[in-house]
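J.: Hey, dropping target_23.txt in here, compact mmCIF, C-alpha atoms:
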# COMPACT_ATOMS: atom_id res chain seq x y z
CA MET A 1 -50.44 28.44 -3.09
CA THR A 2 -46.72 28.71 -2.29
CA GLU A 3 -44.94 25.61 -1.11
CA ARG A 4 -43.72 26.73 2.27
CA CYS A 5 -44.05 29.38 4.92
CA ALA A 6 -41.29 30.64 7.23
CA GLN A 7 -43.57 30.07 10.22
CA ASP A 8 -43.96 26.30 9.76
CA ALA A 9 -43.06 25.54 13.36
CA LEU A 10 -45.46 28.14 14.75
CA ARG A 11 -48.28 26.83 12.56
CA GLU A 12 -47.82 23.21 13.53
CA ARG A 13 -47.75 24.12 17.21
CA ALA A 14 -50.85 26.27 16.77
CA LEU A 15 -52.77 23.52 14.97
CA ALA A 16 -51.70 21.03 17.63
CA GLY A 17 -53.13 23.36 20.31
CA GLU A 18 -49.72 23.87 21.89
CA LEU A 19 -49.71 27.67 22.00
CA ARG A 20 -50.21 28.44 25.69
CA ASP A 21 -48.54 31.85 25.76
CA ALA A 22 -50.92 34.78 25.00
CA GLU A 23 -48.21 36.65 23.15
CA GLU A 24 -47.51 33.65 20.95
CA GLN A 25 -51.22 33.20 20.22
CA ALA A 26 -51.44 36.84 19.18
CA ARG A 27 -48.42 36.40 16.93
CA TRP A 28 -50.12 33.38 15.31
CA ARG A 29 -53.35 35.33 14.73
CA ARG A 30 -51.44 38.19 13.11
CA HIS A 31 -49.49 35.78 10.95
CA VAL A 32 -52.44 33.70 9.79
CA ALA A 33 -54.29 36.84 8.75
CA SER A 34 -51.55 37.66 6.26
CA CYS A 35 -50.31 34.21 5.15
CA THR A 36 -52.26 32.26 2.54
CA VAL A 37 -50.42 29.00 3.21
CA CYS A 38 -51.15 29.00 6.92
CA ARG A 39 -54.72 30.25 6.47
CA THR A 40 -55.47 27.36 4.12
CA GLN A 41 -53.79 24.88 6.42
CA ALA A 42 -55.74 26.17 9.43
CA SER A 43 -59.00 26.10 7.49
CA VAL A 44 -58.50 22.48 6.38
CA ASP A 45 -57.40 21.54 9.89
CA ALA A 46 -60.60 22.96 11.40
CA GLY A 47 -62.73 21.33 8.72
CA LEU A 48 -61.07 17.97 9.21
CA ARG A 49 -61.66 18.09 12.95
CA ARG A 50 -65.31 18.93 12.40
CA VAL A 51 -66.15 16.53 9.57
CA ILE A 52 -64.00 13.47 10.24
CA THR A 53 -65.09 13.18 13.86
CA ALA A 54 -68.78 13.29 12.92
CA VAL A 55 -68.56 9.51 12.73
CA PRO A 56 -66.70 7.86 15.62
CA PRO A 57 -64.00 5.36 14.66
CA PRO A 58 -64.76 1.67 15.25
CA PRO A 59 -63.88 0.42 18.73
CA VAL A 60 -61.40 -2.38 19.35
CA PRO A 61 -63.36 -5.64 18.97
CA ALA A 62 -64.17 -7.33 22.26
CA GLY A 63 -62.27 -10.56 22.92
CA PHE A 64 -59.39 -9.60 20.61
CA VAL A 65 -56.63 -10.86 22.90
CA GLU A 66 -58.48 -14.09 23.68
CA ARG A 67 -58.85 -14.86 19.98
CA PHE A 68 -55.16 -14.22 19.45
CA GLU A 69 -54.31 -16.44 22.40
CA ARG A 70 -56.34 -19.27 20.87
CA ARG A 71 -54.47 -18.98 17.57
CA ARG A 72 -51.14 -18.73 19.32
CA ALA A 73 -51.86 -21.82 21.38
CA ALA A 74 -52.53 -23.78 18.19
CA VAL A 75 -49.25 -22.76 16.60
CA GLY A 76 -46.76 -23.79 19.25
CA THR A 77 -43.80 -22.02 20.75
CA SER A 78 -40.60 -20.90 19.13
CA ASN A 79 -38.80 -23.79 20.88
CA GLN A 80 -41.24 -26.33 19.48
CA ARG A 81 -40.71 -25.01 15.99
CA THR A 82 -36.95 -25.13 16.46
CA TRP A 83 -37.07 -28.77 17.56
CA LEU A 84 -39.31 -29.65 14.64
CA ARG A 85 -36.81 -28.10 12.22
CA VAL A 86 -33.98 -29.99 13.93
CA TYR A 87 -35.97 -33.21 13.55
CA TRP A 88 -36.53 -32.64 9.84
CA ALA A 89 -32.94 -31.64 9.22
CA GLY A 90 -31.73 -34.78 11.01
CA PHE A 91 -34.20 -36.99 9.22
CA THR A 92 -33.19 -35.59 5.85
CA ALA A 93 -29.48 -36.06 6.61
CA VAL A 94 -29.95 -39.66 7.78
CA SER A 95 -32.12 -40.44 4.75
CA ALA A 96 -29.52 -39.01 2.39
CA TRP A 97 -26.80 -41.05 4.11
CA VAL A 98 -28.88 -44.25 3.94
CA LEU A 99 -29.84 -43.64 0.29
CA ALA A 100 -26.22 -43.11 -0.65
CA GLY A 101 -25.12 -46.30 1.12
CA ILE A 102 -27.77 -48.68 -0.20
CA ASP A 103 -26.80 -51.35 -2.68
CA TRP A 104 -29.86 -50.97 -4.91
CA THR A 105 -29.13 -54.21 -6.77
CA ARG A 106 -29.71 -56.18 -3.57
CA PHE A 107 -32.18 -54.04 -1.62
CA ASP A 108 -35.92 -54.42 -2.09
CA PRO A 109 -37.78 -52.19 0.38
CA TRP A 110 -41.14 -53.80 -0.40
CA ARG A 111 -39.96 -57.09 1.18
CA SER A 112 -38.74 -55.46 4.34
CA VAL A 113 -41.02 -54.10 7.08
CA LEU A 114 -38.31 -51.67 8.10
CA GLY A 115 -37.94 -50.53 4.51
CA ILE A 116 -41.66 -49.88 4.18
CA VAL A 117 -41.75 -47.90 7.44
CA TRP A 118 -38.74 -45.91 6.33
CA LEU A 119 -40.23 -45.14 2.91
CA GLY A 120 -43.49 -44.14 4.60
CA LEU A 121 -41.68 -41.67 6.83
CA LEU A 122 -39.66 -40.38 3.91
CA VAL A 123 -42.80 -39.58 1.94
CA SER A 124 -45.05 -38.43 4.78
CA SER A 125 -42.56 -36.20 6.56
CA PRO A 126 -42.40 -33.43 3.94
CA LEU A 127 -46.13 -33.82 3.31
CA LEU A 128 -46.80 -33.16 6.98
CA ALA A 129 -45.04 -29.85 6.58
CA LEU A 130 -47.61 -28.80 4.00
CA VAL A 131 -50.85 -29.76 5.73
CA GLY A 132 -52.74 -29.37 8.93
CA PRO A 133 -51.35 -28.27 12.25
CA PHE A 134 -47.76 -28.98 11.23
CA ARG A 135 -47.90 -26.26 8.63
CA SER A 136 -48.79 -23.56 11.10
CA LEU A 137 -46.33 -25.05 13.58
CA VAL A 138 -43.49 -24.73 11.11
CA GLU A 139 -44.45 -21.37 9.68
CA GLY A 140 -45.62 -19.66 12.82
CA GLY A 141 -46.50 -16.81 10.53
CA SER A 142 -45.78 -16.30 6.89
CA TRP A 143 -44.07 -12.93 6.83
CA ALA A 144 -42.40 -10.37 9.00
CA PRO A 145 -39.64 -7.84 8.43
CA SER A 146 -36.23 -9.37 8.92
CA ARG A 147 -34.92 -6.41 10.85
CA THR A 148 -36.21 -3.63 13.04
CA THR A 149 -36.93 -1.38 10.10
CA GLY A 150 -40.52 -0.36 9.79
CA ALA A 151 -42.65 1.69 7.46
CA LYS A 152 -40.13 4.04 5.97
CA GLU A 153 -40.62 7.46 4.53
CA MET B 1 -42.47 -26.10 27.38
CA GLY B 2 -45.66 -27.86 28.39
CA LEU B 3 -49.03 -26.35 27.65
CA SER B 4 -50.69 -24.52 30.49
CA ALA B 5 -54.15 -25.55 31.68
CA ARG B 6 -55.51 -22.24 30.42
CA THR B 7 -54.05 -22.80 26.97
CA LEU B 8 -55.56 -26.28 26.80
CA LEU B 9 -58.97 -24.91 27.78
CA LEU B 10 -58.71 -22.28 25.03
CA MET B 11 -57.74 -24.94 22.48
CA VAL B 12 -60.79 -27.08 23.21
CA GLY B 13 -63.13 -24.12 23.00
CA VAL B 14 -63.94 -23.36 26.62
CA PRO B 15 -65.73 -19.96 26.85
CA GLU B 16 -63.53 -16.90 26.92
CA PRO B 17 -62.73 -15.22 30.22
CA PRO B 18 -64.31 -11.83 31.03
CA LEU B 19 -63.08 -9.23 28.57
CA ASP B 20 -61.90 -6.68 31.09
CA ARG B 21 -59.60 -9.15 32.81
CA ARG B 22 -55.97 -9.22 31.73
CA LEU B 23 -54.71 -12.68 30.85
CA HIS B 24 -51.33 -12.01 32.44
CA PRO B 25 -51.70 -9.26 35.06
CA ASP B 26 -48.36 -10.25 36.61
CA LEU B 27 -46.59 -9.11 33.42
CA ALA B 28 -48.40 -5.78 33.11
CA ALA B 29 -45.49 -3.77 34.55
CA VAL B 30 -42.68 -5.64 32.77
CA PRO B 31 -40.95 -3.49 30.08
CA ASP B 32 -41.34 -4.48 26.43
CA ALA B 33 -37.71 -5.48 26.01
CA ASP B 34 -37.88 -7.82 29.02
CA LEU B 35 -41.06 -9.42 27.67
CA VAL B 36 -39.27 -10.11 24.37
CA ARG B 37 -36.34 -11.70 26.22
CA ARG B 38 -38.69 -13.82 28.32
CA TYR B 39 -40.51 -15.01 25.22
CA LEU B 40 -37.25 -15.95 23.51
CA THR B 41 -36.24 -18.02 26.52
CA GLY B 42 -39.41 -20.11 26.28
CA ALA B 43 -42.23 -18.13 27.94
CA PRO B 44 -45.00 -17.71 25.33
CA GLU B 45 -47.22 -15.85 27.80
CA ALA B 46 -44.75 -12.94 27.53
CA PHE B 47 -45.81 -12.46 23.91
CA THR B 48 -49.48 -12.45 24.91
CA ALA B 49 -48.64 -9.74 27.44
CA LEU B 50 -47.17 -7.70 24.57
CA VAL B 51 -50.38 -8.21 22.62
CA GLU B 52 -52.47 -7.13 25.60
CA ARG B 53 -50.39 -3.97 25.89
CA HIS B 54 -50.29 -2.94 22.22
CA HIS B 55 -53.31 -4.47 20.46
CA ALA B 56 -55.57 -1.40 20.76
CA ARG B 57 -52.92 0.88 19.24
CA LEU B 58 -52.20 -1.65 16.47
CA PHE B 59 -55.92 -1.97 15.73
CA ARG B 60 -56.18 1.83 15.41
CA LEU B 61 -53.23 1.83 13.01
CA ALA B 62 -54.87 -0.89 10.89
CA VAL B 63 -58.22 0.94 10.75
CA ALA B 64 -56.45 4.21 9.93
CA THR B 65 -54.55 2.56 7.10
CA LEU B 66 -57.49 0.59 5.73
CA GLY B 67 -60.07 3.37 5.97
CA ALA B 68 -63.77 3.09 6.64
CA ALA B 69 -64.53 0.92 3.62
CA HIS B 70 -62.19 -1.83 4.79
CA ALA B 71 -62.35 -1.32 8.55
CA SER B 72 -64.03 -4.71 9.01
CA ALA B 73 -60.78 -6.38 7.90
CA ALA B 74 -58.70 -4.58 10.54
CA GLU B 75 -58.90 -7.32 13.16
CA GLU B 76 -57.90 -10.01 10.67
CA VAL B 77 -54.97 -7.88 9.49
CA VAL B 78 -53.74 -7.28 13.04
CA GLN B 79 -54.23 -10.90 14.13
CA ASP B 80 -52.29 -12.15 11.09
CA ALA B 81 -49.55 -9.59 11.68
CA LEU B 82 -49.24 -10.63 15.32
CA MET B 83 -49.00 -14.29 14.35
CA ALA B 84 -46.26 -13.39 11.87
CA ALA B 85 -44.43 -11.47 14.59
CA TYR B 86 -44.89 -14.39 16.99
CA GLY B 87 -43.12 -16.70 14.57
CA THR B 88 -40.23 -14.35 13.80
CA LEU B 89 -39.58 -12.38 16.96
CA ASP B 90 -36.13 -13.94 17.23
CA ARG B 91 -35.13 -11.84 14.18
CA LEU B 92 -35.66 -8.59 16.06
CA ASP B 93 -32.25 -6.99 16.62
CA ASP B 94 -33.22 -4.58 19.38
CA PRO B 95 -35.92 -5.86 21.80
CA SER B 96 -36.65 -2.32 22.99
CA ARG B 97 -37.96 -1.52 19.50
CA VAL B 98 -40.62 -4.21 19.54
CA ARG B 99 -43.41 -1.62 19.60
CA SER B 100 -42.42 0.05 16.34
CA TRP B 101 -41.54 -3.36 14.88
CA LEU B 102 -45.07 -4.62 15.50
CA SER B 103 -46.48 -1.39 14.06
CA SER B 104 -44.44 -1.77 10.90
CA ILE B 105 -45.75 -5.32 10.36
CA VAL B 106 -49.36 -4.20 10.87
CA TYR B 107 -48.93 -1.20 8.59
CA ARG B 108 -47.38 -3.22 5.77
CA ARG B 109 -50.01 -5.93 6.04
CA ALA B 110 -52.79 -3.35 5.93
CA VAL B 111 -51.26 -1.75 2.83
CA ASP B 112 -50.88 -5.21 1.26
CA HIS B 113 -54.52 -5.92 2.04
CA LEU B 114 -55.63 -2.79 0.19
CA ARG B 115 -53.60 -3.81 -2.87
CA ARG B 116 -55.36 -7.14 -3.25
CA PRO B 117 -57.96 -7.00 -6.03
CA ARG B 118 -60.35 -9.15 -3.99
CA ALA B 119 -60.11 -6.76 -1.05
CA ARG B 120 -60.70 -3.75 -3.28
CA ALA B 121 -63.82 -5.37 -4.67
CA ALA B 122 -65.04 -6.32 -1.21
CA GLY B 123 -64.77 -2.80 0.16
CA ALA B 124 -68.14 -1.61 1.40
CA GLU B 125 -69.74 1.66 0.40
CA GLU B 126 -68.81 4.55 2.65
CA SER B 127 -72.46 5.56 2.83
CA GLU B 128 -73.21 2.32 4.68
CA LEU B 129 -70.24 2.55 7.02
CA LEU B 130 -70.15 6.22 7.81
CA GLU B 131 -73.55 6.47 9.44
CA LEU B 132 -73.69 9.37 11.86
CA PRO B 133 -74.60 8.47 15.45
CA ALA B 134 -78.18 9.24 16.43
CA ASP B 135 -78.70 12.80 17.60
CA GLU B 136 -82.30 13.92 18.15
CA ALA B 137 -81.32 17.55 18.70
CA GLU B 138 -79.68 17.92 15.29
CA ARG B 139 -81.62 19.25 12.31
CA PRO B 140 -82.13 16.57 9.62
CA ASP B 141 -80.87 18.79 6.78
CA HIS B 142 -77.71 19.67 8.69
CA ARG B 143 -77.22 16.04 9.52
CA ALA B 144 -77.63 14.95 5.89
CA ARG B 145 -75.14 17.62 4.75
CA LEU B 146 -72.59 16.52 7.34
CA HIS B 147 -73.03 12.89 6.29
CA GLU B 148 -72.48 13.79 2.65
CA ARG B 149 -69.35 15.81 3.53
CA ARG B 150 -67.98 12.93 5.58
CA ILE B 151 -68.34 10.58 2.60
CA LEU B 152 -66.68 13.09 0.23
CA LEU B 153 -63.86 13.54 2.72
CA GLU B 154 -63.30 9.79 3.03
CA ARG B 155 -63.10 9.45 -0.75
CA ALA B 156 -60.59 12.29 -0.93
CA ILE B 157 -58.47 10.77 1.85
CA ARG B 158 -58.40 7.50 -0.08
CA ARG B 159 -56.88 9.35 -3.03
CA LEU B 160 -53.89 10.55 -1.00
CA ALA B 161 -50.59 8.76 -1.49
CA PRO B 162 -49.50 6.41 1.34
CA PRO B 163 -48.86 6.97 4.16
CA LEU B 164 -50.86 10.22 4.12
CA PRO B 165 -54.30 8.52 4.56
CA ALA B 166 -53.10 6.72 7.68
CA VAL B 167 -51.49 9.88 9.06
CA ILE B 168 -54.63 11.97 8.52
CA ARG B 169 -56.95 9.36 10.06
CA LEU B 170 -54.66 8.73 13.03
CA HIS B 171 -54.33 12.43 13.76
CA TYR B 172 -57.85 13.67 13.14
CA TRP B 173 -60.06 10.58 13.51
CA PHE B 174 -58.30 8.87 16.39
CA GLY B 175 -56.80 12.00 17.93
CA CYS B 176 -53.22 10.69 17.98
CA THR B 177 -50.45 13.20 18.61
CA VAL B 178 -47.58 13.77 16.20
CA ASP B 179 -45.25 11.81 18.49
CA GLU B 180 -47.65 8.84 18.66
CA ILE B 181 -47.92 8.75 14.87
CA ALA B 182 -44.14 8.96 14.59
CA VAL B 183 -43.80 5.84 16.75
CA ALA B 184 -46.58 4.05 14.87
CA LEU B 185 -44.97 4.67 11.48
CA ASP B 186 -41.37 4.52 12.73
CA VAL B 187 -40.49 7.96 11.39
CA ARG B 188 -39.35 11.21 12.98
CA PRO B 189 -41.94 13.65 14.40
CA GLY B 190 -40.76 16.25 11.88
CA THR B 191 -41.63 13.85 9.09
CA VAL B 192 -45.14 13.42 10.49
CA LYS B 193 -45.59 17.21 10.51
CA SER B 194 -44.45 17.29 6.91
CA TYR B 195 -46.94 14.52 6.05
CA LEU B 196 -49.75 16.46 7.73
CA PHE B 197 -48.84 19.62 5.83
CA ARG B 198 -48.82 17.78 2.50
CA ALA B 199 -52.05 15.95 3.26
CA ARG B 200 -53.92 19.13 4.23
CA ARG B 201 -52.65 20.89 1.12
CA ARG B 202 -53.72 18.01 -1.11
CA LEU B 203 -57.12 17.73 0.56
CA HIS B 204 -57.63 21.45 -0.02
CA GLU B 205 -56.85 20.91 -3.71
CA LEU B 206 -59.25 17.96 -3.87
CA LEU B 207 -62.08 19.38 -1.78
CA GLY B 208 -61.64 23.13 -1.57
CA GLY B 209 -64.13 23.74 -4.35
CA ASP B 210 -66.69 21.39 -2.79
CA GLU B 211 -66.92 23.46 0.39
CA VAL B 212 -66.53 20.31 2.45
CA PHE B 213 -64.65 22.31 5.04
CA SER B 214 -66.97 25.30 5.24
CA ASP B 215 -68.58 26.09 8.61
CA ASP B 216 -72.16 25.73 7.40
How does this structure look as C-alpha cells?
T.:
Amino acid sequence: MTERCAQDALRERALAGELRDAEEQARWRRHVASCTVCRTQASVDAGLRRVITAVPPPPVPAGFVERFERRRAAVGTSNQRTWLRVYWAGFTAVSAWVLAGIDWTRFDPWRSVLGIVWLGLLVSSPLLALVGPFRSLVEGGSWAPSRTTGAKE
Amino acid sequence: MGLSARTLLLMVGVPEPPLDRRLHPDLAAVPDADLVRRYLTGAPEAFTALVERHHARLFRLAVATLGAAHASAAEEVVQDALMAAYGTLDRLDDPSRVRSWLSSIVYRRAVDHLRRPRARAAGAEESELLELPADEAERPDHRARLHERRILLERAIRRLAPPLPAVIRLHYWFGCTVDEIAVALDVRPGTVKSYLFRARRRLHELLGGDEVFSDD
C-alpha cells in the first residue's frame, strides 16, 4: 500500500460524513473505486464503526463530582497551603537563627520547659509534613505539568 | 476562607446530594477562564464548577487511553489528575487553556498508569469486559462472531503506538469529532486526521488477514 493519496482531504471529509454535495459524493465514489489507499481506509473505517460500537463504552460513574468534592474538601484551598508553607518557612528561619545564636556550653534544653517545647516543634513540624492530613494539605496533588503544554505529538 | 456548611457535611460523610443536581448551578454559565481566576482569588467552588463542566469528557479520555482492560481504573486516574490540577492551577499561564491543560494531565496520568507493571498485571481479560449487550433478535452465531471480532480488535488497538489507541477509541467508540479529539490531546485537527490515517493503516496490517472488518 502506498503511503499517501492526493485526495487525503476528500477522504477524511468523506469518512467523517461531511460530504453533503451530490457532486462531491460522486467524485468520492469514483475516486475510491480506483484508489487502493482510500479503499482500504474506507473499509477499515466501516469495520471499526461496526465492530467497536458493538459494545457500548462505560458510562461516567454516578456521583463522580461529589466524590471529587469530598477529596477536595479534605485537602484545603490554595490559600491554606500557601499559609502553611509561609508558616514552615518562618519556623525554619527562626529555628536556624536561634540555633546559630545559642551558647551550647551554657544551654541545656532538657532543663527548660521552653526548650523542650521548642525541640518538640522542631522535630514534629517536618514530620507533620509527611503524615496524615498535613501531607495532602501541603501537596494538594503530586504532579501536574508546569506549563500549559499538553500531550504533544 | 472558611469551610462552607456543605463542605463540612461532605467531610463528615453526610449522604451525597441527588446526582442530577449541579453543586454550583450559579457558576454554570461562567467561562472557564473566569472560573480559574475566581479559584485563584480564594473561591474553591469555582474549581468544582470546572470539574462539573469537564469531568465527563475527561473520563472519556481516560477510558479511551486505558482501553477496555483497564477501564475500571479510569475514575481513579481522573480523580487523581483533578486533585493534581487543583494543587497546581496557579502554574497555568493562560486560564483560557484550562480545558486542554486538564486533558493533558488526565492523558499523561492514564499513560503512566498503563506503564506500571502492577497495572499491567491487573488488567482484566477483554472477554470479560467486552460483553455484548443483550439482544434477543440477534442470531447466537452472529453474536459470538461479533464478540470474537471485538476482542481481536481491542487487542490490535492496544498494539498501536500512543496516542493512536486513544485517538481510535475516542473517534470510533465515543463518537468524538476530529476537533474534539484535537482539543483533548492539545494538537491540531490536521494532526488528528494524520493519526487516524496511520491507525487505520496499521489496523489493516494487523487485522486485514483476520477478516475482522468483513461485513459478514
J.: Could you give me, as a list in words, the residues within 12 Å of Arg30 in chain A, counting all atoms listed in the file and dropping anything in the same chain fewer than 6 positions from it?
T.: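 Once the nearby chain positions are removed, what remains is Gln7, Leu10, Arg11, Glu23, Glu24, Cys38 and Arg39 of chain A.
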J.: Please find the residues of chain B near chain A - the criterion being any atom within 6 Å, counting all atoms listed in the file - and write them as a list in words.
T.: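 In the required form, that comes to Leu10, Leu19, Met83, Ala84, Gly87, Arg91, Leu92, Trp101, Ser104, Leu132, Arg150, Tyr172, Trp173, Leu185, Asp186 and Phe213 of chain B.
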J.: Take the selection from the previous step and output its residues with C-alpha atoms, as a PDB file, in the coordinates of the input.
T.:
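To be explicit, this is the file written out as result13.pdb:
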ATOM      1  CA  LEU B  10     -58.710 -22.280  25.030  1.00  0.00           C
ATOM      2  CA  LEU B  19     -63.080  -9.230  28.570  1.00  0.00           C
ATOM      3  CA  MET B  83     -49.000 -14.290  14.350  1.00  0.00           C
ATOM      4  CA  ALA B  84     -46.260 -13.390  11.870  1.00  0.00           C
ATOM      5  CA  GLY B  87     -43.120 -16.700  14.570  1.00  0.00           C
ATOM      6  CA  ARG B  91     -35.130 -11.840  14.180  1.00  0.00           C
ATOM      7  CA  LEU B  92     -35.660  -8.590  16.060  1.00  0.00           C
ATOM      8  CA  TRP B 101     -41.540  -3.360  14.880  1.00  0.00           C
ATOM      9  CA  SER B 104     -44.440  -1.770  10.900  1.00  0.00           C
ATOM     10  CA  LEU B 132     -73.690   9.370  11.860  1.00  0.00           C
ATOM     11  CA  ARG B 150     -67.980  12.930   5.580  1.00  0.00           C
ATOM     12  CA  TYR B 172     -57.850  13.670  13.140  1.00  0.00           C
ATOM     13  CA  TRP B 173     -60.060  10.580  13.510  1.00  0.00           C
ATOM     14  CA  LEU B 185     -44.970   4.670  11.480  1.00  0.00           C
ATOM     15  CA  ASP B 186     -41.370   4.520  12.730  1.00  0.00           C
ATOM     16  CA  PHE B 213     -64.650  22.310   5.040  1.00  0.00           C
TER      17      PHE B 213
END
J.: Quote the spacing between CA of Thr191 in chain B and CA of Val178 in chain B in Å to one decimal place.
T.: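 CA of Val178 in chain B lies at a distance of 9.3 Å from CA of Thr191 in chain B.
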J.: Report the distance between CA of Trp83 in chain A and CA of Arg38 in chain B in Å, rounded to one decimal place.
T.: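 These atoms are spaced 18.5 Å apart.
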J.: Interatomic distance between CA of Leu35 in chain B and CA of Phe47 in chain B?
T.: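 One can read the CA of Leu35 in chain B to CA of Phe47 in chain B distance as 6.8 Å.
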J.: At a cut-off of 12 Å, using only C-alpha atoms, what residues contact Glu76 in chain B? Leave out same-chain residues fewer than 2 positions from it and give the result as a list in words.
T.: Pro61, Phe64, Arg67, Phe68 and Arg71 of chain A; Leu58, Phe59, Ala62, Val63, Leu66, His70, Ala71, Ser72, Ala73, Ala74, Val78, Gln79, Asp80, Ala81, Leu82, Met83, Val106, Arg109, Ala110 and His113 of chain B
J.: Calculate, to one decimal in Å, the centre and edge lengths of the box along x, y and z of the file that holds all listed atoms of range 26-39 of chain A with 3 Å of margin on each side, and present them as lines of an AutoDock Vina configuration file.
T.:
center_x = -51.6
center_y = 33.6
center_z = 10.9
size_x = 12.3
size_y = 15.2
size_z = 22.6
J.: Kindly indicate which residue among B:Pro163, B:Gly175, B:Gly208, B:Gly42 lies nearest to Val187 in chain B, using all atoms listed in the file for the distances.
T.: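 So, comparing all the options, the nearest one is B:Pro163.
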J.: Which is closest to Glu205 in chain B among B:His55, B:Arg159, B:His142, B:Arg149, if we use only C-alpha atoms?
T.: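 Ranked by minimum distance to Glu205 in chain B, first place goes to B:Arg159.
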